[in-house]
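J.: My structure file run-v1.txt, compact mmCIF, C-alpha atoms, is below:
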# COMPACT_ATOMS: atom_id res chain seq x y z
CA MET M 200 -14.10 9.52 17.43
CA GLY M 201 -14.22 6.96 20.18
CA PHE M 202 -12.15 7.25 23.30
CA SER M 203 -11.04 5.01 26.10
CA THR M 204 -11.41 5.47 29.82
CA PHE M 205 -9.03 4.67 32.63
CA PRO M 206 -9.70 2.20 34.09
CA LYS M 207 -11.49 0.50 31.22
CA TYR M 208 -14.14 -1.18 33.35
CA LYS M 209 -15.51 -0.80 36.84
CA TYR M 210 -14.13 -3.03 39.54
CA GLU M 211 -14.80 -6.68 38.73
CA PRO M 212 -14.16 -9.12 41.58
CA GLU M 213 -14.89 -12.14 39.39
CA PRO M 214 -14.12 -12.54 35.68
CA SER M 215 -16.99 -13.22 33.33
CA SER M 216 -17.52 -16.71 31.98
CA LYS M 217 -15.87 -15.94 28.66
CA SER M 218 -12.64 -14.91 30.42
CA ILE M 219 -12.05 -18.33 31.96
CA HIS M 220 -10.52 -20.12 28.98
CA PRO M 221 -8.27 -17.76 27.01
CA THR M 222 -6.15 -19.45 24.39
CA PHE M 223 -2.40 -19.20 24.01
CA LEU M 224 -2.94 -17.05 20.92
CA ASN M 225 -4.92 -14.60 23.05
CA TYR M 226 -1.88 -14.15 25.27
CA ILE M 227 0.50 -13.72 22.34
CA ASN M 228 -1.86 -11.29 20.62
CA TYR M 229 -2.19 -9.16 23.74
CA LEU M 230 1.48 -9.32 24.67
CA ILE M 231 2.98 -8.50 21.27
CA ILE M 232 0.37 -6.66 19.23
CA GLY M 233 -1.30 -4.84 22.09
CA THR M 234 -4.93 -5.12 21.03
CA ASP M 235 -7.51 -5.47 23.78
CA ASP M 236 -8.92 -8.92 24.38
CA GLU M 237 -11.86 -9.21 26.74
CA GLN M 238 -11.34 -12.96 27.05
CA LEU M 239 -8.56 -12.24 29.53
CA SER M 240 -9.39 -11.75 33.19
CA ALA M 241 -8.26 -8.49 34.78
CA ARG M 242 -5.27 -9.97 36.61
CA ARG M 243 -4.10 -12.03 33.63
CA GLN M 244 -4.43 -8.98 31.44
CA ASN M 245 -2.36 -6.86 33.82
CA ILE M 246 0.30 -9.54 34.18
CA LEU M 247 0.69 -9.47 30.40
CA ILE M 248 0.83 -5.67 30.44
CA MET M 249 3.66 -5.82 32.99
CA PHE M 250 5.43 -8.48 30.92
CA ARG M 251 5.09 -6.22 27.89
CA GLY M 252 6.67 -3.41 29.90
CA LEU M 253 9.58 -5.69 30.82
CA PHE M 254 9.87 -6.80 27.19
CA GLN M 255 10.04 -3.14 26.15
CA LEU M 256 12.74 -2.55 28.77
CA VAL M 257 14.82 -5.36 27.27
CA CYS M 258 14.29 -4.00 23.76
CA LEU M 259 15.26 -0.51 24.90
CA HIS M 260 18.40 -1.85 26.56
CA ILE M 261 19.46 -3.70 23.39
CA LEU M 262 18.67 -0.70 21.19
CA LEU M 263 20.66 1.70 23.35
CA ARG M 264 23.55 -0.69 23.90
CA PHE M 265 24.27 -1.06 20.19
CA THR M 266 23.64 2.57 19.24
CA PRO M 267 26.70 4.85 19.41
CA TYR M 268 26.53 8.05 21.41
CA SER M 269 27.21 9.99 18.22
CA ILE M 270 23.92 8.76 16.72
CA LEU M 271 21.98 9.55 19.89
CA ARG M 272 23.31 13.11 19.69
CA LEU M 273 22.66 13.60 15.97
CA HIS M 274 20.74 16.86 15.69
CA SER M 275 18.71 17.66 12.58
CA ARG M 276 21.04 20.56 11.79
CA ASP M 277 23.91 18.05 11.50
CA ALA M 278 22.15 15.77 9.01
CA ILE M 279 20.68 16.11 5.54
CA LEU M 280 16.89 16.27 5.73
CA PHE M 281 15.11 13.44 3.87
CA SER M 282 18.35 11.47 3.53
CA LEU M 283 18.34 7.78 4.41
CA THR M 284 20.62 8.40 7.40
CA HIS M 285 18.32 11.11 8.70
CA PHE M 286 15.23 8.94 8.22
CA LEU M 287 16.76 5.92 9.98
CA THR M 288 18.03 8.08 12.83
CA TYR M 289 14.63 9.59 13.55
CA THR M 290 13.01 6.19 13.17
CA LEU M 291 15.41 5.04 15.88
CA TYR M 292 14.33 7.95 18.09
CA GLY M 293 10.71 6.94 17.53
CA PHE M 294 11.40 3.41 18.77
CA ILE M 295 13.27 4.79 21.79
CA PHE M 296 10.26 6.91 22.75
CA TYR M 297 7.97 3.93 22.14
CA PHE M 298 9.97 1.53 24.31
CA ALA M 299 10.76 4.05 27.07
CA LEU M 300 7.22 5.35 27.52
CA GLY M 301 5.67 1.91 27.15
CA MET M 302 8.11 0.40 29.63
CA VAL M 303 7.28 2.85 32.41
CA LEU M 304 3.52 3.12 31.94
CA ASN M 305 2.88 -0.55 31.26
CA ILE M 306 4.77 -1.68 34.35
CA VAL M 307 3.26 0.97 36.64
CA PHE M 308 -0.33 0.77 35.41
CA GLY M 309 -0.18 -3.00 35.04
CA LEU M 310 0.89 -3.30 38.67
CA VAL M 311 -1.88 -0.96 39.82
CA GLY M 312 -4.45 -2.87 37.79
CA PHE M 313 -3.21 -6.20 39.16
CA ILE M 314 -3.42 -5.02 42.77
CA TRP M 315 -6.93 -3.60 42.37
CA ASN M 316 -8.11 -6.32 39.99
CA ILE M 317 -9.33 -3.89 37.33
CA HIS M 318 -8.93 -3.96 33.56
CA ILE M 319 -6.29 -1.53 32.34
CA ARG M 320 -5.55 -0.63 28.75
CA SER M 321 -1.98 -0.68 27.56
CA VAL M 322 -0.56 2.74 26.74
CA TYR M 323 -0.37 1.61 23.11
CA PRO M 324 -3.64 -0.21 22.29
CA GLY M 325 -2.33 -0.99 18.81
CA TYR M 326 1.13 -1.30 17.31
CA PRO M 327 1.98 2.37 16.56
CA PHE M 328 4.28 1.84 13.59
CA LEU M 329 1.66 0.31 11.30
CA PRO M 330 -0.92 3.13 11.00
CA THR M 331 -3.22 3.39 8.00
CA GLY M 332 -3.67 7.13 8.41
CA LEU M 333 -2.95 10.02 10.76
CA HIS M 334 -6.33 9.64 12.46
CA ASP M 335 -5.59 5.96 13.01
CA PHE M 336 -2.18 6.78 14.51
CA TRP M 337 -3.17 9.58 16.88
CA SER M 338 -6.58 8.22 17.92
CA ARG M 339 -5.99 4.48 18.13
CA ARG M 340 -2.28 3.71 18.36
CA TRP M 341 -0.33 6.34 20.31
CA ASN M 342 -0.53 7.03 24.07
CA ILE M 343 -4.14 6.22 24.82
CA TYR M 344 -4.03 7.92 28.23
CA VAL M 345 -3.05 11.37 26.98
CA LYS M 346 -5.48 10.96 24.10
CA SER M 347 -8.33 10.23 26.54
CA ILE M 348 -7.56 13.36 28.56
CA LEU M 349 -7.37 15.52 25.45
CA HIS M 350 -10.64 14.06 24.17
CA ARG M 351 -12.42 15.08 27.35
CA ILE M 352 -10.98 18.59 27.20
CA ALA M 353 -11.57 19.27 23.50
CA PHE M 354 -14.65 17.21 22.65
CA ILE M 355 -16.59 17.37 25.93
CA ALA M 356 -15.47 20.29 28.12
CA LEU M 357 -14.83 22.86 25.36
CA PRO M 358 -18.27 22.54 23.67
CA LYS M 359 -19.98 22.84 27.05
CA LEU M 360 -17.98 25.93 27.97
CA THR M 361 -18.49 27.65 24.61
CA GLY M 362 -22.05 26.47 23.99
CA PHE M 363 -20.94 25.22 20.58
CA ASN M 364 -22.68 21.86 20.87
CA LYS M 365 -24.10 21.47 17.39
CA LYS M 366 -22.59 18.44 15.70
CA SER M 367 -20.88 19.26 12.43
CA ASN M 368 -17.72 18.49 10.52
CA VAL M 369 -16.45 22.01 11.21
CA ARG M 370 -16.85 21.57 14.96
CA PHE M 371 -15.25 18.13 14.82
CA ILE M 372 -12.18 19.45 12.99
CA PHE M 373 -11.92 22.56 15.18
CA THR M 374 -12.10 20.61 18.44
CA GLY M 375 -9.62 18.08 17.09
CA PHE M 376 -7.17 20.84 16.23
CA PHE M 377 -7.72 22.34 19.68
CA ALA M 378 -6.77 18.97 21.19
CA PHE M 379 -3.44 19.16 19.36
CA PHE M 380 -2.97 22.71 20.65
CA VAL M 381 -3.55 21.55 24.24
CA SER M 382 -1.19 18.63 23.64
CA GLY M 383 1.46 21.10 22.50
CA LEU M 384 1.00 23.14 25.67
CA LEU M 385 1.18 19.99 27.79
CA HIS M 386 4.39 18.79 26.16
CA GLU M 387 5.98 22.24 26.33
CA PHE M 388 5.16 22.35 30.04
CA MET M 389 6.52 18.85 30.71
CA TYR M 390 9.70 19.55 28.78
CA THR M 391 10.29 22.91 30.50
CA VAL M 392 9.72 21.49 33.98
CA SER M 393 11.78 18.32 33.47
CA MET M 394 14.67 19.89 31.54
CA ASP M 395 14.63 23.36 33.14
CA ARG M 396 14.76 24.92 29.68
CA TRP M 397 12.38 25.86 26.88
CA SER M 398 12.13 23.92 23.65
CA GLY M 399 11.85 27.13 21.66
CA GLY M 400 8.27 26.28 20.79
CA LYS M 401 9.30 23.25 18.73
CA ASN M 402 7.05 20.85 20.63
CA MET M 403 4.07 23.14 20.09
CA LEU M 404 4.87 23.51 16.41
CA PHE M 405 5.14 19.73 16.03
CA PHE M 406 1.61 19.20 17.33
CA LEU M 407 0.10 22.14 15.46
CA ILE M 408 1.48 20.90 12.15
CA ASN M 409 0.29 17.36 12.80
CA GLY M 410 -3.09 18.72 13.82
CA MET M 411 -3.25 20.56 10.50
CA PHE M 412 -2.25 17.40 8.60
CA LEU M 413 -4.96 15.44 10.39
CA ALA M 414 -7.55 18.14 9.69
CA ILE M 415 -6.71 17.95 5.98
CA GLU M 416 -7.09 14.16 6.07
CA LEU M 417 -10.51 14.45 7.75
CA VAL M 418 -11.67 17.09 5.26
CA PHE M 419 -10.86 14.81 2.34
CA GLN M 420 -12.52 11.87 4.08
CA GLY M 421 -15.64 13.98 4.49
CA LEU M 422 -15.62 15.22 0.91
CA LEU M 423 -15.11 11.74 -0.50
CA ARG M 424 -17.38 10.14 2.12
CA ARG M 425 -14.81 7.46 2.84
CA LYS M 426 -13.55 6.27 6.23
CA GLN M 427 -10.35 5.02 4.64
CA LEU M 428 -9.05 7.72 2.32
CA VAL M 429 -6.55 5.54 0.46
CA PRO M 430 -5.50 1.87 0.51
CA PRO M 431 -3.85 0.90 3.83
CA PHE M 432 -0.33 0.66 2.41
CA VAL M 433 -0.56 4.10 0.81
CA GLY M 434 -2.02 5.43 4.07
CA TRP M 435 0.93 3.97 5.95
CA ILE M 436 3.39 5.67 3.58
CA TYR M 437 1.90 9.16 3.86
CA THR M 438 1.44 8.82 7.63
CA ILE M 439 5.07 7.85 8.16
CA ALA M 440 6.12 10.65 5.79
CA ALA M 441 4.06 13.21 7.71
CA LEU M 442 5.43 12.07 11.07
CA TYR M 443 8.99 11.91 9.79
CA SER M 444 8.85 15.38 8.21
CA THR M 445 7.98 16.89 11.60
CA ALA M 446 9.88 14.50 13.90
CA HIS M 447 12.85 16.83 14.29
CA LEU M 448 10.60 19.40 15.96
CA PHE M 449 9.76 16.93 18.70
CA CYS M 450 13.10 15.12 18.99
CA ASP M 451 15.62 17.95 18.68
CA PRO M 452 14.83 19.55 22.07
CA TRP M 453 15.44 16.18 23.76
CA ILE M 454 18.67 15.77 21.79
CA GLU M 455 19.78 19.25 22.85
CA ALA M 456 19.19 18.21 26.48
CA ASP M 457 21.25 15.03 25.84
CA CYS M 458 18.34 12.82 26.93
CA PHE M 459 18.96 9.91 24.56
CA ALA M 460 22.64 9.75 25.52
CA THR M 461 21.69 9.86 29.20
CA LEU M 462 19.28 6.97 28.67
CA LYS M 463 22.11 4.98 27.11
CA THR M 464 24.35 5.73 30.10
CA TYR M 465 21.84 4.33 32.58
CA LEU M 466 19.94 1.71 30.57
CA GLY M 467 22.32 0.75 27.77
Would you put the structure from the file into structure tokens?
T.:
Amino acid sequence: MGFSTFPKYKYEPEPSSKSIHPTFLNYINYLIIGTDDEQLSARRQNILIMFRGLFQLVCLHILLRFTPYSILRLHSRDAILFSLTHFLTYTLYGFIFYFALGMVLNIVFGLVGFIWNIHIRSVYPGYPFLPTGLHDFWSRRWNIYVKSILHRIAFIALPKLTGFNKKSNVRFIFTGFFAFFVSGLLHEFMYTVSMDRWSGGKNMLFFLINGMFLAIELVFQGLLRRKQLVPPFVGWIYTIAALYSTAHLFCDPWIEADCFATLKTYLG
């Protein structure tokens, strides 16, 4: 599993020759879709990252402005699981997280990258709502910075500490699951510190279940010797289903702390 570094490249005072003439489509591709394009110079790339952050701020403002407080406070215990209303509500929460996190990190990191003239990767290197599998979502589309940290802990530091360096599918799956465990600890810590309350272990459970789902996907990929387990559309369906079925574990603690409603008060 590949991983990104931050910053992506070492300091580059002058762009390479292929970064001199980016096309308009390069800009649109980088601004909207989020895929990396090495034809862009560092400063142009970071300007687009900051513009994407501002675009996400506008989208978040519109989303919050037209969403009633009652929806932003809709707890899973007050809705019918797997109903259309429940699905659309938690899809809405997913977009709120996407826009809010992207807004902050893209503006901050884009500004830092612009000042220092270094290439920075957007927090979402690919559009997160079009995954073709759980591995595609967690490894290539969602929060590349946290993923990079977890990769170093689980796939580099842990094998060195334990001496379990032999490459195998078992080790790969175990270290991947350990990365989800560490992610659960990290999110529990961040939630407890920021909200001054405990999530009840829901954040941890969310990541452990998704780690288990991903492990199952990787096992089947290994048994069938296929990188893409099913056709992309089918992969998208089961990935969204897996994320939706566990979304309440991640979202409910933030709903209980009235975070979405508070966001609407200040940004809506």
J.: I need the residue nearest Asn402 (chain M) from this list: M:Ile314, M:Cys258, M:Leu448, M:Val433. Use all atoms listed in the file for the distance.
T.: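 Result for the nearest residue to Asn402 (chain M): M:Leu448.
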J.: List the spatial neighbours of Val381 (chain M) as a VMD selection string - criterion: any atom at most 12 Å away, only C-alpha atoms, same-chain residues fewer than 3 positions off excluded.
T.: chain M and resid 345 to 346 348 to 353 357 374 to 378 384 to 388 402 to 404 406 to 407 410
J.: Write the residues you've just listed into a file as a PDB file, keeping the file's coordinate frame, and include C-alpha atoms for each of them.
T.:
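So the final result, stored in result-v5.pdb, reads:
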ATOM      1  CA  VAL M 345      -3.050  11.370  26.980  1.00  0.00           C
ATOM      2  CA  LYS M 346      -5.480  10.960  24.100  1.00  0.00           C
ATOM      3  CA  ILE M 348      -7.560  13.360  28.560  1.00  0.00           C
ATOM      4  CA  LEU M 349      -7.370  15.520  25.450  1.00  0.00           C
ATOM      5  CA  HIS M 350     -10.640  14.060  24.170  1.00  0.00           C
ATOM      6  CA  ARG M 351     -12.420  15.080  27.350  1.00  0.00           C
ATOM      7  CA  ILE M 352     -10.980  18.590  27.200  1.00  0.00           C
ATOM      8  CA  ALA M 353     -11.570  19.270  23.500  1.00  0.00           C
ATOM      9  CA  LEU M 357     -14.830  22.860  25.360  1.00  0.00           C
ATOM     10  CA  THR M 374     -12.100  20.610  18.440  1.00  0.00           C
ATOM     11  CA  GLY M 375      -9.620  18.080  17.090  1.00  0.00           C
ATOM     12  CA  PHE M 376      -7.170  20.840  16.230  1.00  0.00           C
ATOM     13  CA  PHE M 377      -7.720  22.340  19.680  1.00  0.00           C
ATOM     14  CA  ALA M 378      -6.770  18.970  21.190  1.00  0.00           C
ATOM     15  CA  LEU M 384       1.000  23.140  25.670  1.00  0.00           C
ATOM     16  CA  LEU M 385       1.180  19.990  27.790  1.00  0.00           C
ATOM     17  CA  HIS M 386       4.390  18.790  26.160  1.00  0.00           C
ATOM     18  CA  GLU M 387       5.980  22.240  26.330  1.00  0.00           C
ATOM     19  CA  PHE M 388       5.160  22.350  30.040  1.00  0.00           C
ATOM     20  CA  ASN M 402       7.050  20.850  20.630  1.00  0.00           C
ATOM     21  CA  MET M 403       4.070  23.140  20.090  1.00  0.00           C
ATOM     22  CA  LEU M 404       4.870  23.510  16.410  1.00  0.00           C
ATOM     23  CA  PHE M 406       1.610  19.200  17.330  1.00  0.00           C
ATOM     24  CA  LEU M 407       0.100  22.140  15.460  1.00  0.00           C
ATOM     25  CA  GLY M 410      -3.090  18.720  13.820  1.00  0.00           C
TER      26      GLY M 410
END
J.: So which residues touch region 302-308 of chain M within 8 Å, counting only C-alpha atoms, skipping near sequence neighbours fewer than 6 positions away, as an MDAnalysis selection string?
T.: chainID M and resid 248:256 319 321:322
J.: Box for region 363-366 of chain M: with edges along x, y and z, all listed atoms inside and 5 Å added on each side, what are the centre and edge lengths in Å to one decimal, as AutoDock Vina command-line options?
T.:
--center_x -22.5 --center_y 21.8 --center_z 18.3 --size_x 13.2 --size_y 16.8 --size_z 15.2
J.: Tell me which of M:Pro452, M:Gly467, M:Gly399, M:Pro330 sits closest to Tyr437 (chain M), counting only C-alpha atoms.
T.: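 Of all the options, M:Pro330 lies closest to Tyr437 (chain M).
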J.: Restricting the calculation to only C-alpha atoms, which member of M:Trp453, M:Phe296, M:Phe363, M:Tyr326 is positioned closest to Leu263 (chain M)?
T.: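 Using only C-alpha atoms, the shortest distance to Leu263 (chain M) belongs to M:Phe296.
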J.: M:Thr438, M:Gln427, M:Asn316, M:Ser347: which is nearest Phe328 (chain M), counting all atoms listed in the file?
T.: M:Thr438
J.: Counting all atoms listed in the file, write as a list in words all protein and nucleic acid residues lying at most 8 Å from (0.2, 4.5, 8.7) in the file's frame.
T.: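 Every polymer residue passing the test: Phe328, Leu329, Pro330, Thr331, Gly332, Leu333, Asp335, Phe336, Pro431, Phe432, Val433, Gly434, Trp435, Ile436, Tyr437, Thr438 and Ile439 of chain M.
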J.: Just how far from CA of Thr461 (chain M) is CA of Thr284 (chain M), in Å to one decimal?
T.: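 That distance, rounded to one decimal, is 21.9 Å.
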J.: Using all atoms listed in the file, which of M:Lys365, M:His447, M:Arg340, M:Arg242 sits nearest Val311 (chain M)?
T.: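 Result for the nearest residue to Val311 (chain M): M:Arg242.
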J.: Have a look at M:Leu300, M:Arg425, M:Leu291, M:Met394 and name the one nearest to Thr266 (chain M); count all atoms listed in the file.
T.: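 Using all atoms listed in the file, the shortest distance to Thr266 (chain M) belongs to M:Leu291.
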J.: Need to verify the contact set: Thr288 (chain M), 12 Å, only C-alpha atoms, exclusion of same-chain residues closer than 3 positions in sequence. Can you return it as a PyMOL selection string?
T.: chain M and resi 266-267+269-275+277-285+291-295+443+446-447+450-451+454+459
